[in-house]
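Heads up, the thing below is written out as structure tokens.
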Amino acid sequence: MSQPSHAAVGLRSERGPVLLALMVSTGLIAIDATILATAVPSIVRDLGGYAQFPWLFSVYLLAQAVSVSVYAKLADTFGRKPIMLFGIVLFLAGSVLCGVAWSMPALIAFRAVQGLGAGAVQPMAITIAGDIYTVAERATAQGYLASVWAMSSVVGPTLGGVFSQLGLWRWIFYVNVPLCLLAGVLIMRNFHETVQRRENHIDYLGSVLLTSGMTLAILGVLEGGQAWAWNSPPSVAVFAAGAALLVAFTLAERRAAEPILPPWVFSRRLLVTTTFLALGIGVMLIGLTSYVPAYLQYSLGVPPLIAGLALAALTLGWPLSAGLSGRLFYLRLGFRPTILVGLGLVILGTGTLALLAHSPSVALVAVTCFVTGLGMGLVAAPSLIAAQASVDWHERGVATGTNMFARSIGSAVGAAGLGAVANSVVTASGRPGTDPVAATDAGAAVFLAVLVAAALTVVAGLLMPKVYAATDQLPMDPAGTDPASV
């Protein structure tokens, strides 16, 4: 599929209606990323299950992660549009079901349905942008998509806080209904593509093995020390079964005709390093978005709205830097220097937060989250664009899907691991998780773990090859040649 490279980028341009459709579709995921975290204390109060609440994030992200690669393969075969529309419908169904959930287990199950929808919507929006804009144009297009995250960073926590304070937390899911309907209509009317259909072989076995293995691994991490002792027979059995399924998945991928994680992705240094960058971003993002509101509400007793606005600083800093990353950084300096600057800001923000966590302050949390968000914006967007630009059209869906898969897996495993850290601290304290002292100690432990994840992510940034958006191996044309050498 080709697009005129000379066309302007903007809502009033020839491709403007498609860009608008992508912005609304992105808004579905952007608002959901922040609106739920603010309402967690209210949900726990009504449905119970403080130790289970990390599942609300883990199951959503796991479903998103394991479905991304399948959707990516289908998109490279049948086109982006039908996959995007399917994802929107599934996300809509999951949102309605979450709104009527009668218990924490039911809400967790319905969050999985939402995650399966998000697994199609977010990667397809990014992939479509990669199809219709060149590398240089994506710097401007990214600004429009980043503006959605900027608005959502304020709208999401604000709505979540208001609904929570009014005792109407179920409406955090119902607000998705009109957005899904609008996104579906815009995609159907404005986005048209020409796809060369080819025979496809969906890796169903790999999908089942990966989903089962990761689910058991997350189950073992979250329930260890809670439902059973870490060294108990149930714990050993769960981890052993999960590991066996993941090994079987690795073996199955070698024999699959079209594996959900193709070996060629891991044979190219650029794709490997950007995948690990996405993995680290996922861990850090879920650690802050899922624990900052609860940390502030329980340790300081601040209302949900204030806690949500403190978190909004993170998701506000991210799109601001992401929107400027092209024009001010990677189009001039290259991708690697931009990413290293971003990682430096992430270390500064998370390090300060971890160091001062035992002295809770809304202003401190907001500032450190904003700095961390600025850094993440300089890492996530440039690394993904570098990965997209290094492959042909027929591989771009897989490249994008692999990157989003890594971020979702990082978030899913991170939510489980960080949840286990928080639960172990609370259990050791002998106090309930809502106790101010226990909440402060748990938050401090989680933030320290996020700092460790940030430090490990720096390694991937240092190992990334030196490539430039316009002058090195990365093609300017979306259908350009594949710089496999990097």
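Naming scheme: A, B, ... for chains in displayed order of the structure tokens; residues 1 onward per chain; ligands 1 onward as shown.
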
Could you make a table, as a Markdown table, of the residues of range 286-360 of chain A that have an atom within 9 Å of an atom of range 365-383 of chain A, each with its nearest atom pair and distance in Å to one decimal, counting only C-alpha atoms, in chain and number order?
| residue | atom | partner | partner_atom | distance |
| --- | --- | --- | --- | --- |
| A:Leu288 | CA | A:Cys369 | CA | 8.0 |
| A:Val292 | CA | A:Val365 | CA | 7.9 |
| A:Leu296 | CA | A:Val365 | CA | 8.7 |
| A:Leu309 | CA | A:Ala366 | CA | 7.9 |
| A:Ala310 | CA | A:Ala366 | CA | 4.5 |
| A:Leu311 | CA | A:Ala366 | CA | 6.5 |
| A:Ala312 | CA | A:Ala366 | CA | 7.8 |
| A:Ala313 | CA | A:Phe370 | CA | 4.6 |
| A:Leu314 | CA | A:Cys369 | CA | 4.4 |
| A:Thr315 | CA | A:Gly373 | CA | 6.1 |
| A:Leu316 | CA | A:Phe370 | CA | 6.9 |
| A:Gly317 | CA | A:Gly373 | CA | 4.4 |
| A:Trp318 | CA | A:Gly373 | CA | 4.2 |
| A:Pro319 | CA | A:Gly377 | CA | 6.0 |
| A:Leu320 | CA | A:Leu374 | CA | 7.0 |
| A:Ser321 | CA | A:Gly377 | CA | 5.1 |
| A:Ala322 | CA | A:Gly377 | CA | 4.3 |
| A:Gly323 | CA | A:Gly377 | CA | 8.0 |
| A:Leu324 | CA | A:Leu378 | CA | 8.6 |
| A:Ser325 | CA | A:Leu378 | CA | 5.9 |
| A:Gly326 | CA | A:Pro382 | CA | 7.5 |
| A:Phe329 | CA | A:Leu378 | CA | 8.6 |
| A:Tyr330 | CA | A:Pro382 | CA | 7.0 |
| A:Phe335 | CA | A:Pro382 | CA | 6.1 |
| A:Arg336 | CA | A:Ser383 | CA | 8.3 |
| A:Thr338 | CA | A:Leu378 | CA | 6.2 |
| A:Ile339 | CA | A:Val379 | CA | 4.6 |
| A:Leu340 | CA | A:Val379 | CA | 7.7 |
| A:Val341 | CA | A:Gly375 | CA | 7.3 |
| A:Gly342 | CA | A:Gly375 | CA | 3.8 |
| A:Leu343 | CA | A:Gly375 | CA | 5.8 |
| A:Gly344 | CA | A:Gly375 | CA | 7.1 |
| A:Leu345 | CA | A:Gly375 | CA | 4.7 |
| A:Val346 | CA | A:Thr372 | CA | 4.5 |
| A:Ile347 | CA | A:Thr372 | CA | 7.5 |
| A:Leu348 | CA | A:Thr372 | CA | 7.4 |
| A:Gly349 | CA | A:Thr368 | CA | 4.6 |
| A:Thr350 | CA | A:Thr372 | CA | 6.4 |
| A:Gly351 | CA | A:Thr368 | CA | 8.7 |
| A:Thr352 | CA | A:Thr368 | CA | 6.7 |
| A:Leu353 | CA | A:Thr368 | CA | 6.0 |
| A:Ala357 | CA | A:Val365 | CA | 8.5 |
| A:Pro360 | CA | A:Val365 | CA | 7.8 |

Tell me, as an mmCIF file with C-alpha atoms, in the first residue's frame, which residues lie within 8 Å of Thr289 in chain A, counting only C-alpha atoms; anything in the same chain fewer than 6 positions away does not count.
data_model
loop_
_atom_site.group_PDB
_atom_site.id
_atom_site.type_symbol
_atom_site.label_atom_id
_atom_site.label_comp_id
_atom_site.auth_asym_id
_atom_site.auth_seq_id
_atom_site.Cartn_x
_atom_site.Cartn_y
_atom_site.Cartn_z
ATOM 1 C CA ALA A 33 -4.849 3.379 31.152
ATOM 2 C CA THR A 34 -5.428 5.919 33.933
ATOM 3 C CA ALA A 37 -6.138 3.083 38.915
ATOM 4 C CA LEU A 311 -0.814 10.350 38.504
#

Hey, which bits of range 206-293 of chain A sit within 10 Å of range 402-423 of chain A, and for each residue what's the closest pair of atoms and how far apart in Å (one decimal), counting only C-alpha atoms, rows by chain and increasing number, as CSV?
residue,atom,partner,partner_atom,distance
A:Met214,CA,A:Val413,CA,8.3
A:Thr215,CA,A:Val413,CA,9.5
A:Ala217,CA,A:Val413,CA,8.4
A:Ile218,CA,A:Ala416,CA,5.8
A:Leu219,CA,A:Ala416,CA,8.0
A:Gly220,CA,A:Ala416,CA,8.9
A:Val221,CA,A:Ala416,CA,6.0
A:Leu222,CA,A:Ala420,CA,5.3
A:Glu223,CA,A:Ala420,CA,7.7
A:Gly224,CA,A:Ala420,CA,7.4
A:Gly225,CA,A:Ala420,CA,8.0
A:Gln226,CA,A:Asn423,CA,7.8
A:Ile260,CA,A:Thr402,CA,8.6
A:Leu261,CA,A:Thr402,CA,7.0
A:Pro262,CA,A:Thr402,CA,9.2
A:Val265,CA,A:Thr402,CA,8.1
A:Leu271,CA,A:Asn403,CA,8.3
A:Val272,CA,A:Asn403,CA,9.3
A:Thr274,CA,A:Asn403,CA,7.1
A:Thr275,CA,A:Asn403,CA,5.2
A:Phe276,CA,A:Ala406,CA,7.1
A:Leu277,CA,A:Arg407,CA,8.2
A:Ala278,CA,A:Arg407,CA,4.6
A:Leu279,CA,A:Arg407,CA,4.5
A:Gly280,CA,A:Gly410,CA,6.3
A:Ile281,CA,A:Arg407,CA,6.3
A:Gly282,CA,A:Ser411,CA,4.3
A:Val283,CA,A:Gly414,CA,4.6
A:Met284,CA,A:Ser411,CA,7.6
A:Leu285,CA,A:Ser411,CA,7.0
A:Ile286,CA,A:Ser411,CA,5.3
A:Gly287,CA,A:Ala415,CA,6.5
A:Leu288,CA,A:Ala415,CA,9.9
A:Thr289,CA,A:Ala415,CA,9.9
A:Ser290,CA,A:Ala415,CA,7.8
A:Tyr291,CA,A:Gly419,CA,9.0

Include N, CA and C atoms and write out the residues we just selected as an mmCIF file, in the first residue's frame.
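This is the output file out.cif:
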data_model
loop_
_atom_site.group_PDB
_atom_site.id
_atom_site.type_symbol
_atom_site.label_atom_id
_atom_site.label_comp_id
_atom_site.auth_asym_id
_atom_site.auth_seq_id
_atom_site.Cartn_x
_atom_site.Cartn_y
_atom_site.Cartn_z
ATOM 1 N N MET A 214 1.980 -18.101 30.645
ATOM 2 C CA MET A 214 2.075 -16.801 31.313
ATOM 3 C C MET A 214 1.031 -16.669 32.411
ATOM 4 N N THR A 215 -0.163 -17.221 32.186
ATOM 5 C CA THR A 215 -1.203 -17.158 33.216
ATOM 6 C C THR A 215 -0.766 -17.888 34.482
ATOM 7 N N ALA A 217 2.338 -18.494 35.371
ATOM 8 C CA ALA A 217 3.454 -17.767 35.974
ATOM 9 C C ALA A 217 2.950 -16.589 36.805
ATOM 10 N N ILE A 218 1.994 -15.849 36.257
ATOM 11 C CA ILE A 218 1.435 -14.700 36.981
ATOM 12 C C ILE A 218 0.649 -15.178 38.200
ATOM 13 N N LEU A 219 -0.080 -16.288 38.058
ATOM 14 C CA LEU A 219 -0.805 -16.859 39.195
ATOM 15 C C LEU A 219 0.149 -17.209 40.322
ATOM 16 N N GLY A 220 1.266 -17.830 39.976
ATOM 17 C CA GLY A 220 2.236 -18.208 40.995
ATOM 18 C C GLY A 220 2.838 -17.013 41.701
ATOM 19 N N VAL A 221 3.119 -15.947 40.941
ATOM 20 C CA VAL A 221 3.730 -14.751 41.535
ATOM 21 C C VAL A 221 2.736 -14.031 42.436
ATOM 22 N N LEU A 222 1.491 -13.873 41.980
ATOM 23 C CA LEU A 222 0.505 -13.108 42.745
ATOM 24 C C LEU A 222 0.006 -13.855 43.974
ATOM 25 N N GLU A 223 -0.163 -15.175 43.866
ATOM 26 C CA GLU A 223 -0.734 -15.933 44.973
ATOM 27 C C GLU A 223 0.326 -16.487 45.920
ATOM 28 N N GLY A 224 1.592 -16.473 45.502
ATOM 29 C CA GLY A 224 2.653 -16.932 46.380
ATOM 30 C C GLY A 224 2.751 -16.052 47.618
ATOM 31 N N GLY A 225 2.783 -16.683 48.775
ATOM 32 C CA GLY A 225 2.814 -15.932 50.026
ATOM 33 C C GLY A 225 1.451 -15.451 50.468
ATOM 34 N N GLN A 226 0.433 -15.668 49.637
ATOM 35 C CA GLN A 226 -0.931 -15.264 49.981
ATOM 36 C C GLN A 226 -1.829 -16.503 50.113
ATOM 37 N N ILE A 260 3.759 -16.716 16.070
ATOM 38 C CA ILE A 260 3.312 -15.413 16.550
ATOM 39 C C ILE A 260 4.504 -14.542 16.946
ATOM 40 N N LEU A 261 5.620 -15.169 17.268
ATOM 41 C CA LEU A 261 6.867 -14.435 17.510
ATOM 42 C C LEU A 261 7.918 -14.983 16.545
ATOM 43 N N PRO A 262 7.969 -14.458 15.307
ATOM 44 C CA PRO A 262 8.864 -14.998 14.283
ATOM 45 C C PRO A 262 10.336 -14.907 14.705
ATOM 46 N N VAL A 265 12.546 -11.711 14.073
ATOM 47 C CA VAL A 265 12.467 -10.538 14.952
ATOM 48 C C VAL A 265 13.654 -10.521 15.906
ATOM 49 N N LEU A 271 15.659 -4.612 16.416
ATOM 50 C CA LEU A 271 14.369 -5.097 16.906
ATOM 51 C C LEU A 271 14.493 -5.718 18.297
ATOM 52 N N VAL A 272 15.601 -6.391 18.555
ATOM 53 C CA VAL A 272 15.793 -7.011 19.873
ATOM 54 C C VAL A 272 15.894 -5.941 20.955
ATOM 55 N N THR A 274 14.906 -2.740 20.873
ATOM 56 C CA THR A 274 13.668 -1.972 21.052
ATOM 57 C C THR A 274 12.598 -2.816 21.746
ATOM 58 N N THR A 275 12.645 -4.130 21.536
ATOM 59 C CA THR A 275 11.708 -5.010 22.237
ATOM 60 C C THR A 275 11.983 -5.003 23.733
ATOM 61 N N PHE A 276 13.243 -5.053 24.120
ATOM 62 C CA PHE A 276 13.584 -5.017 25.544
ATOM 63 C C PHE A 276 13.309 -3.644 26.154
ATOM 64 N N LEU A 277 13.447 -2.596 25.365
ATOM 65 C CA LEU A 277 13.075 -1.266 25.852
ATOM 66 C C LEU A 277 11.577 -1.223 26.157
ATOM 67 N N ALA A 278 10.783 -1.796 25.263
ATOM 68 C CA ALA A 278 9.333 -1.835 25.478
ATOM 69 C C ALA A 278 8.985 -2.666 26.712
ATOM 70 N N LEU A 279 9.703 -3.753 26.920
ATOM 71 C CA LEU A 279 9.479 -4.594 28.092
ATOM 72 C C LEU A 279 9.704 -3.798 29.384
ATOM 73 N N GLY A 280 10.817 -3.051 29.423
ATOM 74 C CA GLY A 280 11.110 -2.244 30.604
ATOM 75 C C GLY A 280 10.099 -1.140 30.822
ATOM 76 N N ILE A 281 9.686 -0.494 29.734
ATOM 77 C CA ILE A 281 8.673 0.555 29.839
ATOM 78 C C ILE A 281 7.385 -0.005 30.428
ATOM 79 N N GLY A 282 7.024 -1.211 30.002
ATOM 80 C CA GLY A 282 5.800 -1.831 30.514
ATOM 81 C C GLY A 282 5.850 -2.049 32.013
ATOM 82 N N VAL A 283 6.977 -2.535 32.517
ATOM 83 C CA VAL A 283 7.115 -2.775 33.955
ATOM 84 C C VAL A 283 7.011 -1.464 34.727
ATOM 85 N N MET A 284 7.745 -0.447 34.282
ATOM 86 C CA MET A 284 7.752 0.823 35.003
ATOM 87 C C MET A 284 6.394 1.509 34.951
ATOM 88 N N LEU A 285 5.750 1.453 33.802
ATOM 89 C CA LEU A 285 4.469 2.125 33.637
ATOM 90 C C LEU A 285 3.407 1.542 34.556
ATOM 91 N N ILE A 286 3.309 0.218 34.607
ATOM 92 C CA ILE A 286 2.272 -0.385 35.438
ATOM 93 C C ILE A 286 2.587 -0.191 36.918
ATOM 94 N N GLY A 287 3.864 -0.169 37.256
ATOM 95 C CA GLY A 287 4.223 0.036 38.650
ATOM 96 C C GLY A 287 3.762 1.375 39.176
ATOM 97 N N LEU A 288 3.869 2.401 38.351
ATOM 98 C CA LEU A 288 3.464 3.735 38.788
ATOM 99 C C LEU A 288 1.959 3.944 38.660
ATOM 100 N N THR A 289 1.383 3.553 37.532
ATOM 101 C CA THR A 289 -0.038 3.829 37.321
ATOM 102 C C THR A 289 -0.931 3.035 38.266
ATOM 103 N N SER A 290 -0.510 1.844 38.668
ATOM 104 C CA SER A 290 -1.366 1.024 39.526
ATOM 105 C C SER A 290 -1.158 1.293 41.009
ATOM 106 N N TYR A 291 -0.009 1.865 41.406
ATOM 107 C CA TYR A 291 0.258 2.027 42.832
ATOM 108 C C TYR A 291 0.311 3.473 43.319
#

Kindly indicate which residue among A:Leu36, A:Ala65, A:Leu97, A:Ala240 lies nearest to Gln122 in chain A, using only C-alpha atoms for the distances.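 Once distances to Gln122 in chain A are computed over only C-alpha atoms, the minimum belongs to A:Ala65.
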
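Between CA of Gly115 in chain A and CA of Tyr60 in chain A lies a distance of 4.3 Å.
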
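One finds CA of Cys180 in chain A at 22.2 Å from CA of Gly130 in chain A.
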
Can you pull out every residue from range 176-267 of chain A that DSSP, working from the backbone, puts in alpha helix (DSSP H), and format the result as a VMD selection string? chain A and resid 176 to 190 204 to 223 233 to 255

re CA of Ser390 in chain A and CA of Lys81 in chain A: distance 22.6 Å
